[in-house]
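Note: the block below is protein_37.cif and it holds mmCIF, C-alpha atoms.
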```
data_final
loop_
_atom_site.group_PDB
_atom_site.id
_atom_site.type_symbol
_atom_site.label_atom_id
_atom_site.label_comp_id
_atom_site.auth_asym_id
_atom_site.auth_seq_id
_atom_site.Cartn_x
_atom_site.Cartn_y
_atom_site.Cartn_z
ATOM 1 C CA MET A 1 0.000 0.000 0.000
ATOM 2 C CA LEU A 2 1.636 3.060 -1.408
ATOM 3 C CA ILE A 3 0.465 5.704 1.017
ATOM 4 C CA PHE A 4 1.542 3.583 3.967
ATOM 5 C CA SER A 5 5.050 3.473 2.432
ATOM 6 C CA VAL A 6 5.018 7.230 1.988
ATOM 7 C CA PHE A 7 4.278 7.706 5.665
ATOM 8 C CA LYS A 8 7.001 5.256 6.617
ATOM 9 C CA THR A 9 9.581 7.290 4.703
ATOM 10 C CA LEU A 10 8.457 10.360 6.667
ATOM 11 C CA THR A 11 9.217 8.952 10.119
ATOM 12 C CA ASP A 12 11.138 11.433 12.288
ATOM 13 C CA GLN A 13 9.835 14.308 10.163
ATOM 14 C CA GLN A 14 7.516 16.976 11.476
ATOM 15 C CA VAL A 15 3.923 16.684 10.281
ATOM 16 C CA THR A 16 0.608 18.336 11.134
ATOM 17 C CA VAL A 17 -2.362 16.025 11.571
ATOM 18 C CA GLU A 18 -5.775 17.634 11.248
ATOM 19 C CA LEU A 19 -8.546 15.613 12.851
ATOM 20 C CA LYS A 20 -12.189 15.462 11.847
ATOM 21 C CA ASN A 21 -13.062 17.360 15.047
ATOM 22 C CA ASP A 22 -10.921 20.294 13.733
ATOM 23 C CA LEU A 23 -8.095 19.687 16.208
ATOM 24 C CA SER A 24 -4.704 20.214 14.510
ATOM 25 C CA ILE A 25 -1.711 18.502 16.089
ATOM 26 C CA THR A 26 1.867 19.153 14.996
ATOM 27 C CA GLY A 27 4.543 16.713 16.040
ATOM 28 C CA VAL A 28 7.315 14.371 15.015
ATOM 29 C CA LEU A 29 6.010 11.281 13.209
ATOM 30 C CA LYS A 30 7.247 8.316 15.213
ATOM 31 C CA SER A 31 5.380 5.471 13.552
ATOM 32 C CA VAL A 32 2.486 4.568 11.318
ATOM 33 C CA ASP A 33 0.707 1.283 10.542
ATOM 34 C CA GLN A 34 -1.330 -0.150 7.679
ATOM 35 C CA PHE A 35 -4.528 1.489 8.972
ATOM 36 C CA LEU A 36 -2.680 4.814 8.921
ATOM 37 C CA ASN A 37 -2.874 5.027 12.694
ATOM 38 C CA ILE A 38 -0.229 7.573 13.647
ATOM 39 C CA ARG A 39 2.074 8.030 16.644
ATOM 40 C CA LEU A 40 3.338 11.565 17.223
ATOM 41 C CA ASP A 41 5.993 12.791 19.652
ATOM 42 C CA ASN A 42 6.738 16.254 21.004
ATOM 43 C CA ILE A 43 3.339 17.568 19.997
ATOM 44 C CA THR A 44 1.809 21.016 19.992
ATOM 45 C CA VAL A 45 -1.809 21.839 19.297
ATOM 46 C CA LEU A 46 -2.669 24.633 16.873
ATOM 47 C CA ASP A 47 -5.174 26.575 18.989
ATOM 48 C CA GLU A 48 -4.083 25.749 22.540
ATOM 49 C CA ALA A 49 -6.458 28.235 24.137
ATOM 50 C CA ARG A 50 -9.384 26.326 22.679
ATOM 51 C CA HIS A 51 -7.999 22.946 23.718
ATOM 52 C CA PRO A 52 -6.421 23.521 27.136
ATOM 53 C CA HIS A 53 -6.678 19.834 28.014
ATOM 54 C CA MET A 54 -4.055 19.152 25.342
ATOM 55 C CA MET A 55 -1.377 21.406 26.863
ATOM 56 C CA ALA A 56 0.119 18.728 29.068
ATOM 57 C CA VAL A 57 0.094 16.064 26.351
ATOM 58 C CA LYS A 58 3.526 15.459 24.890
ATOM 59 C CA ASN A 59 2.886 12.479 22.642
ATOM 60 C CA CYS A 60 -0.133 10.725 21.236
ATOM 61 C CA PHE A 61 -1.518 7.862 19.211
ATOM 62 C CA ILE A 62 -4.092 8.900 16.611
ATOM 63 C CA ARG A 63 -6.557 6.411 15.229
ATOM 64 C CA GLY A 64 -6.400 6.582 11.426
ATOM 65 C CA SER A 65 -10.144 6.887 10.960
ATOM 66 C CA VAL A 66 -10.360 10.243 12.791
ATOM 67 C CA VAL A 67 -7.805 11.911 10.524
ATOM 68 C CA ARG A 68 -9.016 14.419 7.942
ATOM 69 C CA TYR A 69 -5.675 15.613 6.554
ATOM 70 C CA VAL A 70 -1.978 15.258 7.213
ATOM 71 C CA GLN A 71 0.218 18.145 6.127
ATOM 72 C CA LEU A 72 3.507 16.681 4.955
ATOM 73 C CA PRO A 73 6.958 18.244 4.563
ATOM 74 C CA ALA A 74 6.960 18.793 0.796
ATOM 75 C CA GLU A 75 10.746 18.639 0.536
ATOM 76 C CA HIS A 76 10.703 15.059 1.791
ATOM 77 C CA VAL A 77 8.113 13.758 -0.668
ATOM 78 C CA ASP A 78 9.383 12.606 -4.063
ATOM 79 C CA THR A 79 6.300 13.233 -6.174
ATOM 80 C CA GLN A 80 7.744 11.764 -9.370
ATOM 81 C CA LEU A 81 8.461 8.518 -7.560
ATOM 82 C CA LEU A 82 4.927 8.452 -6.178
ATOM 83 C CA GLU A 83 3.282 9.005 -9.536
ATOM 84 C CA ASP A 84 5.346 6.259 -11.141
ATOM 85 C CA ALA A 85 4.482 3.906 -8.296
ATOM 86 C CA THR A 86 0.790 4.780 -8.573
ATOM 87 C CA ARG A 87 0.811 4.025 -12.299
ATOM 88 C CA ARG A 88 2.640 0.756 -11.674
ATOM 89 C CA GLU A 89 0.154 -0.246 -9.005
ATOM 90 C CA ALA A 90 -2.721 0.537 -11.333
ATOM 91 C CA GLN A 91 -1.130 -1.580 -14.061
ATOM 92 C CA ASN A 92 -0.722 -4.561 -11.748
ATOM 93 C CA GLN A 93 -4.335 -4.197 -10.760
ATOM 94 C CA ILE A 94 -5.542 -4.477 -14.350
ATOM 95 C CA LYS A 95 -3.481 -7.606 -14.942
ATOM 96 C CA ARG A 96 -4.885 -9.313 -11.880
ATOM 97 C CA MET B 97 -44.325 -15.938 17.128
ATOM 98 C CA ASP B 98 -47.084 -18.519 16.806
ATOM 99 C CA GLU B 99 -48.377 -17.300 13.463
ATOM 100 C CA SER B 100 -47.551 -19.647 10.664
ATOM 101 C CA PRO B 101 -47.056 -18.097 7.241
ATOM 102 C CA PRO B 102 -50.279 -17.949 5.218
ATOM 103 C CA PRO B 103 -50.725 -20.867 2.821
ATOM 104 C CA PRO B 104 -49.842 -20.048 -0.770
ATOM 105 C CA ASP B 105 -52.878 -18.758 -2.588
ATOM 106 C CA ASN B 106 -53.061 -20.672 -5.820
ATOM 107 C CA GLN B 107 -56.013 -18.653 -7.072
ATOM 108 C CA SER B 108 -54.177 -15.356 -7.445
ATOM 109 C CA PRO B 109 -52.436 -14.670 -10.749
ATOM 110 C CA PRO B 110 -48.718 -13.913 -10.762
ATOM 111 C CA PRO B 111 -47.997 -10.259 -10.020
ATOM 112 C CA PRO B 112 -48.376 -8.157 -13.156
ATOM 113 C CA LEU B 113 -45.199 -6.983 -14.813
ATOM 114 C CA PRO B 114 -44.476 -3.282 -14.554
ATOM 115 C CA PRO B 115 -46.156 -1.655 -17.541
ATOM 116 C CA THR B 116 -43.271 -0.025 -19.380
ATOM 117 C CA GLY B 117 -40.151 -0.767 -17.583
ATOM 118 C CA HIS B 118 -37.349 -3.124 -17.082
ATOM 119 C CA THR B 119 -37.666 -6.484 -15.533
ATOM 120 C CA GLY B 120 -33.968 -7.019 -15.146
ATOM 121 C CA SER B 121 -31.937 -7.089 -11.988
ATOM 122 C CA PRO B 122 -30.291 -4.018 -10.467
ATOM 123 C CA THR B 123 -27.094 -5.106 -12.178
ATOM 124 C CA ASP B 124 -28.878 -5.161 -15.534
ATOM 125 C CA PHE B 125 -30.092 -1.648 -14.851
ATOM 126 C CA LEU B 126 -26.596 -0.448 -14.026
ATOM 127 C CA LYS B 127 -25.166 -2.066 -17.156
ATOM 128 C CA GLY B 128 -27.954 -0.491 -19.158
ATOM 129 C CA VAL B 129 -27.376 3.081 -18.002
ATOM 130 C CA VAL B 130 -23.669 3.181 -18.849
ATOM 131 C CA GLY B 131 -23.226 5.740 -21.587
ATOM 132 C CA LYS B 132 -26.649 7.268 -20.866
ATOM 133 C CA LYS B 133 -27.664 10.500 -19.181
ATOM 134 C CA VAL B 134 -28.243 9.921 -15.497
ATOM 135 C CA ILE B 135 -29.074 11.780 -12.328
ATOM 136 C CA VAL B 136 -26.954 10.776 -9.349
ATOM 137 C CA ARG B 137 -28.320 11.904 -6.003
ATOM 138 C CA LEU B 138 -26.017 11.990 -3.017
ATOM 139 C CA ASN B 139 -27.001 11.534 0.598
ATOM 140 C CA SER B 140 -26.504 15.276 1.056
ATOM 141 C CA GLY B 141 -29.337 15.926 -1.421
ATOM 142 C CA VAL B 142 -27.032 17.295 -4.109
ATOM 143 C CA ASP B 143 -27.737 16.005 -7.625
ATOM 144 C CA TYR B 144 -25.219 15.382 -10.378
ATOM 145 C CA ARG B 145 -26.558 15.180 -13.924
ATOM 146 C CA GLY B 146 -24.269 13.857 -16.599
ATOM 147 C CA VAL B 147 -23.367 11.010 -18.885
ATOM 148 C CA LEU B 148 -22.389 7.912 -16.928
ATOM 149 C CA SER B 149 -19.031 6.775 -18.285
ATOM 150 C CA CYS B 150 -18.574 3.907 -15.847
ATOM 151 C CA LEU B 151 -19.121 2.629 -12.356
ATOM 152 C CA ASP B 152 -17.975 -0.185 -10.087
ATOM 153 C CA GLY B 153 -19.440 -2.362 -7.379
ATOM 154 C CA TYR B 154 -18.848 0.255 -4.699
ATOM 155 C CA MET B 155 -21.022 2.647 -6.726
ATOM 156 C CA ASN B 156 -17.971 4.757 -7.397
ATOM 157 C CA ILE B 157 -19.091 6.683 -10.455
ATOM 158 C CA ALA B 158 -17.360 8.465 -13.312
ATOM 159 C CA LEU B 159 -19.520 11.076 -15.039
ATOM 160 C CA GLU B 160 -18.920 13.224 -18.109
ATOM 161 C CA GLN B 161 -20.427 16.639 -18.897
ATOM 162 C CA THR B 162 -21.575 16.879 -15.317
ATOM 163 C CA GLU B 163 -23.772 19.558 -13.812
ATOM 164 C CA GLU B 164 -24.060 19.926 -10.059
ATOM 165 C CA HIS B 165 -27.572 20.850 -8.947
ATOM 166 C CA VAL B 166 -28.257 22.166 -5.451
ATOM 167 C CA GLU B 167 -31.874 22.994 -4.649
ATOM 168 C CA GLY B 168 -32.731 23.142 -8.339
ATOM 169 C CA LYS B 169 -29.927 25.500 -9.325
ATOM 170 C CA ILE B 170 -26.796 24.615 -11.260
ATOM 171 C CA THR B 171 -23.906 25.315 -8.906
ATOM 172 C CA ASN B 172 -20.986 23.804 -10.826
ATOM 173 C CA ARG B 173 -19.990 22.100 -14.061
ATOM 174 C CA TYR B 174 -17.320 19.462 -14.497
ATOM 175 C CA GLY B 175 -15.972 17.934 -17.699
ATOM 176 C CA ASP B 176 -15.207 14.723 -15.848
ATOM 177 C CA ALA B 177 -16.195 13.925 -12.316
ATOM 178 C CA PHE B 178 -15.459 11.001 -10.074
ATOM 179 C CA ILE B 179 -17.917 10.445 -7.221
ATOM 180 C CA ARG B 180 -16.990 8.256 -4.286
ATOM 181 C CA GLY B 181 -19.626 5.545 -3.980
ATOM 182 C CA ASN B 182 -20.421 5.838 -0.292
ATOM 183 C CA ASN B 183 -22.038 9.229 -0.935
ATOM 184 C CA VAL B 184 -24.480 7.883 -3.531
ATOM 185 C CA LEU B 185 -28.164 7.642 -2.608
ATOM 186 C CA TYR B 186 -29.428 6.619 -6.040
ATOM 187 C CA ILE B 187 -28.736 6.607 -9.760
ATOM 188 C CA SER B 188 -31.656 7.469 -11.983
ATOM 189 C CA ALA B 189 -31.840 7.163 -15.769
ATOM 190 C CA ALA B 190 -32.497 10.574 -17.332
ATOM 191 C CA GLU B 191 -33.258 9.245 -20.807
ATOM 192 C CA GLU B 192 -34.882 6.205 -22.413
ATOM 193 C CA LEU B 193 -32.874 3.040 -21.944
ATOM 194 C CA MET C 194 -21.829 2.713 -26.114
ATOM 195 C CA ASP C 195 -18.848 0.662 -25.127
ATOM 196 C CA PRO C 196 -17.162 2.415 -22.229
ATOM 197 C CA SER C 197 -13.855 0.723 -22.944
ATOM 198 C CA SER C 198 -13.596 2.645 -26.203
ATOM 199 C CA SER C 199 -12.928 5.855 -24.285
ATOM 200 C CA GLY C 200 -9.929 4.351 -22.497
ATOM 201 C CA ILE C 201 -11.758 4.605 -19.192
ATOM 202 C CA GLN C 202 -13.012 1.222 -18.077
ATOM 203 C CA GLU C 203 -13.739 1.919 -14.467
ATOM 204 C CA PRO C 204 -14.090 4.992 -12.287
ATOM 205 C CA PHE C 205 -10.624 4.738 -10.833
ATOM 206 C CA ASP C 206 -9.070 5.034 -14.285
ATOM 207 C CA LEU C 207 -10.354 8.571 -14.427
ATOM 208 C CA ILE C 208 -8.168 9.452 -11.490
ATOM 209 C CA ARG C 209 -5.155 7.562 -12.730
ATOM 210 C CA LEU C 210 -5.375 9.645 -15.882
ATOM 211 C CA SER C 211 -5.297 12.778 -13.731
ATOM 212 C CA LEU C 212 -1.918 12.131 -12.115
ATOM 213 C CA SER C 213 0.297 15.239 -11.937
ATOM 214 C CA GLU C 214 -2.659 17.352 -13.035
ATOM 215 C CA ARG C 215 -4.393 19.922 -10.918
ATOM 216 C CA VAL C 216 -7.644 18.420 -9.677
ATOM 217 C CA PHE C 217 -10.671 19.771 -7.879
ATOM 218 C CA VAL C 218 -11.743 17.818 -4.781
ATOM 219 C CA LYS C 219 -15.038 18.231 -2.949
ATOM 220 C CA LEU C 220 -15.006 17.029 0.646
ATOM 221 C CA ARG C 221 -17.408 16.488 3.495
ATOM 222 C CA GLY C 222 -17.925 19.423 5.821
ATOM 223 C CA ASP C 223 -18.414 22.025 3.048
ATOM 224 C CA ARG C 224 -14.771 21.915 2.021
ATOM 225 C CA GLU C 225 -13.315 22.086 -1.460
ATOM 226 C CA MET C 226 -9.744 22.166 -2.642
ATOM 227 C CA THR C 227 -7.590 22.154 -5.722
ATOM 228 C CA GLY C 228 -4.169 20.608 -5.824
ATOM 229 C CA ILE C 229 -1.794 18.661 -8.023
ATOM 230 C CA LEU C 230 -2.549 14.960 -7.705
ATOM 231 C CA HIS C 231 0.392 12.655 -7.003
ATOM 232 C CA VAL C 232 -1.012 9.501 -5.442
ATOM 233 C CA ARG C 233 -4.272 7.832 -5.044
ATOM 234 C CA ALA C 234 -4.647 4.596 -3.164
ATOM 235 C CA LEU C 235 -5.648 1.271 -4.624
ATOM 236 C CA LYS C 236 -9.256 0.298 -4.702
ATOM 237 C CA HIS C 237 -10.435 -2.817 -2.864
ATOM 238 C CA MET C 238 -8.612 -1.525 0.179
ATOM 239 C CA MET C 239 -9.970 -0.071 3.295
ATOM 240 C CA GLY C 240 -10.136 3.676 2.977
ATOM 241 C CA HIS C 241 -9.554 3.857 -0.720
ATOM 242 C CA MET C 242 -9.600 7.282 -2.354
ATOM 243 C CA ASN C 243 -6.815 8.423 -0.095
ATOM 244 C CA LEU C 244 -5.004 11.183 -2.003
ATOM 245 C CA ILE C 245 -1.716 13.048 -1.834
ATOM 246 C CA LEU C 246 -1.872 16.538 -3.346
ATOM 247 C CA SER C 247 0.642 19.360 -3.567
ATOM 248 C CA ASP C 248 0.236 23.122 -3.933
ATOM 249 C CA VAL C 249 -3.165 22.850 -2.294
ATOM 250 C CA GLU C 250 -5.646 25.659 -1.918
ATOM 251 C CA GLU C 251 -8.533 24.788 0.364
ATOM 252 C CA THR C 252 -11.836 26.647 0.573
ATOM 253 C CA ILE C 253 -14.067 26.123 3.597
ATOM 254 C CA MET C 254 -17.646 27.353 3.562
ATOM 255 C CA ILE C 255 -18.724 28.366 7.042
ATOM 256 C CA VAL C 256 -22.447 28.835 7.550
ATOM 257 C CA ASN C 257 -23.119 31.311 10.329
ATOM 258 C CA GLU C 258 -26.412 30.376 11.932
ATOM 259 C CA GLY C 259 -28.600 33.250 12.991
ATOM 260 C CA GLU C 260 -31.497 35.462 11.988
ATOM 261 C CA GLN C 261 -30.074 35.675 8.517
ATOM 262 C CA ALA C 262 -27.810 32.745 7.808
ATOM 263 C CA THR C 263 -24.698 34.042 6.106
ATOM 264 C CA VAL C 264 -21.944 32.054 4.517
ATOM 265 C CA SER C 265 -18.357 33.108 4.964
ATOM 266 C CA VAL C 266 -15.477 31.556 3.095
ATOM 267 C CA ALA C 267 -12.094 30.702 4.567
ATOM 268 C CA LYS C 268 -9.157 29.887 2.326
ATOM 269 C CA ARG C 269 -5.739 28.479 3.104
ATOM 270 C CA LYS C 270 -2.782 27.042 1.254
ATOM 271 C CA MET C 271 -0.744 23.956 2.029
ATOM 272 C CA GLY C 272 2.374 22.646 0.338
ATOM 273 C CA MET C 273 1.861 18.890 0.503
ATOM 274 C CA LEU C 274 -1.229 17.229 1.856
ATOM 275 C CA PHE C 275 -2.505 13.732 2.529
ATOM 276 C CA VAL C 276 -6.305 13.605 2.282
ATOM 277 C CA ARG C 277 -8.038 10.641 3.868
ATOM 278 C CA GLY C 278 -10.408 9.033 1.387
ATOM 279 C CA ASP C 279 -13.460 8.736 3.614
ATOM 280 C CA GLY C 280 -13.957 12.514 3.478
ATOM 281 C CA VAL C 281 -13.913 12.679 -0.306
ATOM 282 C CA ILE C 282 -17.163 13.262 -2.190
ATOM 283 C CA LEU C 283 -15.986 14.134 -5.693
ATOM 284 C CA VAL C 284 -12.754 14.452 -7.676
ATOM 285 C CA SER C 285 -12.612 16.277 -11.001
ATOM 286 C CA PRO C 286 -9.775 17.377 -13.266
ATOM 287 C CA PRO C 287 -10.704 21.053 -13.705
ATOM 288 C CA SER C 288 -8.323 21.480 -16.606
ATOM 289 C CA ARG C 289 -10.863 19.512 -18.609
ATOM 290 C CA THR C 290 -13.825 21.381 -17.196
ATOM 291 C CA GLN C 291 -15.818 23.273 -19.781
#
```
Please lay out the structure from this file as structure tokens.
Amino acid sequence: MLIFSVFKTLTDQQVTVELKNDLSITGVLKSVDQFLNIRLDNITVLDEARHPHMMAVKNCFIRGSVVRYVQLPAEHVDTQLLEDATRREAQNQIKR
Amino acid sequence: MDESPPPPDNQSPPPPLPPTGHTGSPTDFLKGVVGKKVIVRLNSGVDYRGVLSCLDGYMNIALEQTEEHVEGKITNRYGDAFIRGNNVLYISAAEEL
Amino acid sequence: MDPSSSGIQEPFDLIRLSLSERVFVKLRGDREMTGILHVRALKHMMGHMNLILSDVEETIMIVNEGEQATVSVAKRKMGMLFVRGDGVILVSPPSRTQ
């Protein structure tokens, strides 16, 4: 699964995870699994005043299904590689 | 539940066929509307009218020459549009099959 | 009409053909965005329609409830974005829009 691989290459990079409840969490991506569950370290929340209960939280595990977006560090994503891999995956799918 | 199902009534004729329409299965309907003008209604109530280029078992839909209708008004036009199937309430044929 | 004649045999082909093009995405929660499409996930997988877009501009429609409901629009830009598929309603390549 291509997107899972993308996330794996971004471990130890800083990402911002936006949840479906509008909470935005920035932190260092520690790990990710096939469901795109995400573990973040050293986190900060975008609007801390609105989410005071998050101030003491330093790391978290985010269930994949509650994620709306993840903002990725563009300089660490090789888009050409991804497009080629997507086309290859689509080809394999047709053959199957 | 002590009621047993009613005995089959041999007197009654078989249910009449729908007067004009299609007696095929849902799958036959879906095969039949490919390439035809359709109205796709989403759960949100938004309608998409366009030519159905293809669809799959998840009801993911590709439409051409699509118009987006919200409350009777055209709100957008797309040359091609892909609709994720989980949002689809129904697909309706907008021309003779 | 034979759909295979157009080169598009199934809905996902439409998106494969849009790779590295700017696409328009309509999302749940009155959100829309355009961005350059780089990846879309395989079908037959949980959460398919996951996307990775770059140079994203998002538009959020915010309906202010009240005596007279008004709609305000918030926009923001993001460099590289993963979009989880379950929020996606519609994807369209606007370059081919009439």
**OP:** When you get a sec, could you note down which chain C residues fall within 7 Å of chain A, using all atoms listed in the file, as a VMD selection string?
**Re:** chain C and resid 209 212 231 to 234 272 to 277 280
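For the structure in this document, the set picked by the PyMOL selection byres ((chain C and resi 266) around 6) is Ile253, Met254, Ser265 and Ala267 of chain C.
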Original post:
Written as number ranges by chain, what is the full residue list that the PyMOL selection byres ((chain B and resi 168) around 12) yields on the file shown?
Top reply: B: 141-145, 163-167, 169-171
**OP:** Rounded to one decimal place, report the CA of Val134 (chain B)-CA of Glu191 (chain B) distance in Å.
**Re:** 7.3 Å
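When you apply the PyMOL selection byres ((chain C and resi 282) around 6) to this structure, what comes back is B:Ile179, B:Arg180, C:Lys219, C:Leu220, C:Val281, C:Leu283.
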Any idea which chain B residues end up within 12 Å of chain C if we count all atoms listed in the file, as a short mmCIF file (atom, residue, chain, number, x, y, z; two decimals) with C-alpha atoms, in the coordinates of the input please?
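Full text of out_22.cif as output:
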```cif
data_model
loop_
_atom_site.label_atom_id
_atom_site.label_comp_id
_atom_site.auth_asym_id
_atom_site.auth_seq_id
_atom_site.Cartn_x
_atom_site.Cartn_y
_atom_site.Cartn_z
CA LYS B 127 -25.17 -2.07 -17.16
CA GLY B 128 -27.95 -0.49 -19.16
CA VAL B 129 -27.38 3.08 -18.00
CA VAL B 130 -23.67 3.18 -18.85
CA GLY B 131 -23.23 5.74 -21.59
CA LYS B 132 -26.65 7.27 -20.87
CA LYS B 133 -27.66 10.50 -19.18
CA ARG B 137 -28.32 11.90 -6.00
CA LEU B 138 -26.02 11.99 -3.02
CA ASN B 139 -27.00 11.53 0.60
CA SER B 140 -26.50 15.28 1.06
CA VAL B 142 -27.03 17.30 -4.11
CA TYR B 144 -25.22 15.38 -10.38
CA VAL B 147 -23.37 11.01 -18.89
CA LEU B 148 -22.39 7.91 -16.93
CA SER B 149 -19.03 6.78 -18.28
CA CYS B 150 -18.57 3.91 -15.85
CA LEU B 151 -19.12 2.63 -12.36
CA ASP B 152 -17.98 -0.18 -10.09
CA GLY B 153 -19.44 -2.36 -7.38
CA TYR B 154 -18.85 0.26 -4.70
CA MET B 155 -21.02 2.65 -6.73
CA ASN B 156 -17.97 4.76 -7.40
CA ILE B 157 -19.09 6.68 -10.46
CA ALA B 158 -17.36 8.46 -13.31
CA LEU B 159 -19.52 11.08 -15.04
CA GLU B 160 -18.92 13.22 -18.11
CA GLN B 161 -20.43 16.64 -18.90
CA THR B 162 -21.58 16.88 -15.32
CA GLU B 163 -23.77 19.56 -13.81
CA GLU B 164 -24.06 19.93 -10.06
CA ASN B 172 -20.99 23.80 -10.83
CA ARG B 173 -19.99 22.10 -14.06
CA TYR B 174 -17.32 19.46 -14.50
CA GLY B 175 -15.97 17.93 -17.70
CA ASP B 176 -15.21 14.72 -15.85
CA ALA B 177 -16.20 13.92 -12.32
CA PHE B 178 -15.46 11.00 -10.07
CA ILE B 179 -17.92 10.44 -7.22
CA ARG B 180 -16.99 8.26 -4.29
CA GLY B 181 -19.63 5.54 -3.98
CA ASN B 182 -20.42 5.84 -0.29
CA ASN B 183 -22.04 9.23 -0.94
CA VAL B 184 -24.48 7.88 -3.53
CA LEU B 193 -32.87 3.04 -21.94
#
```
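The space between CA of Ser31 (chain A) and CA of Val45 (chain A) spans 18.8 Å.
Atom pair CA of Cys60 (chain A) / CA of Val32 (chain A): separated by 12.0 Å.
Every residue within 7 Å of the file position (-11.5, 26.8, -2.4), judged by only C-alpha atoms, is given as Glu225, Met226, Thr227, Glu250, Glu251, Thr252, Ile253 and Lys268 of chain C.
Among the candidate residues A:Leu10, A:Ile38, A:Ala49, A:Ile43, the one lying nearest to Thr26 (chain A) is A:Ile43, with distances computed using all atoms listed in the file.
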Filled-in N, CA and C atoms of region 169-181 of chain B, supplied as a compact mmCIF listing (two decimals), in the coordinates of the input:
```txt
# COMPACT_ATOMS: atom_id res chain seq x y z
N LYS B 169 -30.79 24.58 -8.57
CA LYS B 169 -29.93 25.50 -9.32
C LYS B 169 -28.61 24.82 -9.69
N ILE B 170 -28.10 25.15 -10.88
CA ILE B 170 -26.80 24.62 -11.26
C ILE B 170 -25.72 25.37 -10.49
N THR B 171 -24.92 24.65 -9.73
CA THR B 171 -23.91 25.32 -8.91
C THR B 171 -22.50 25.06 -9.41
N ASN B 172 -22.32 24.10 -10.32
CA ASN B 172 -20.99 23.80 -10.83
C ASN B 172 -21.11 22.95 -12.08
N ARG B 173 -20.06 22.99 -12.90
CA ARG B 173 -19.99 22.10 -14.06
C ARG B 173 -18.62 21.45 -14.07
N TYR B 174 -18.59 20.19 -14.41
CA TYR B 174 -17.32 19.46 -14.50
C TYR B 174 -17.29 18.71 -15.82
N GLY B 175 -16.14 18.73 -16.49
CA GLY B 175 -15.97 17.93 -17.70
C GLY B 175 -16.01 16.46 -17.35
N ASP B 176 -15.21 16.08 -16.38
CA ASP B 176 -15.21 14.72 -15.85
C ASP B 176 -15.38 14.85 -14.35
N ALA B 177 -16.07 13.91 -13.77
CA ALA B 177 -16.20 13.92 -12.32
C ALA B 177 -16.20 12.49 -11.81
N PHE B 178 -15.47 12.30 -10.73
CA PHE B 178 -15.46 11.00 -10.07
C PHE B 178 -16.16 11.17 -8.74
N ILE B 179 -17.17 10.35 -8.48
CA ILE B 179 -17.92 10.44 -7.22
C ILE B 179 -17.65 9.19 -6.40
N ARG B 180 -17.26 9.40 -5.17
CA ARG B 180 -16.99 8.26 -4.29
C ARG B 180 -18.31 7.60 -3.90
N GLY B 181 -18.36 6.27 -4.04
CA GLY B 181 -19.63 5.54 -3.98
C GLY B 181 -20.40 5.67 -2.69
```
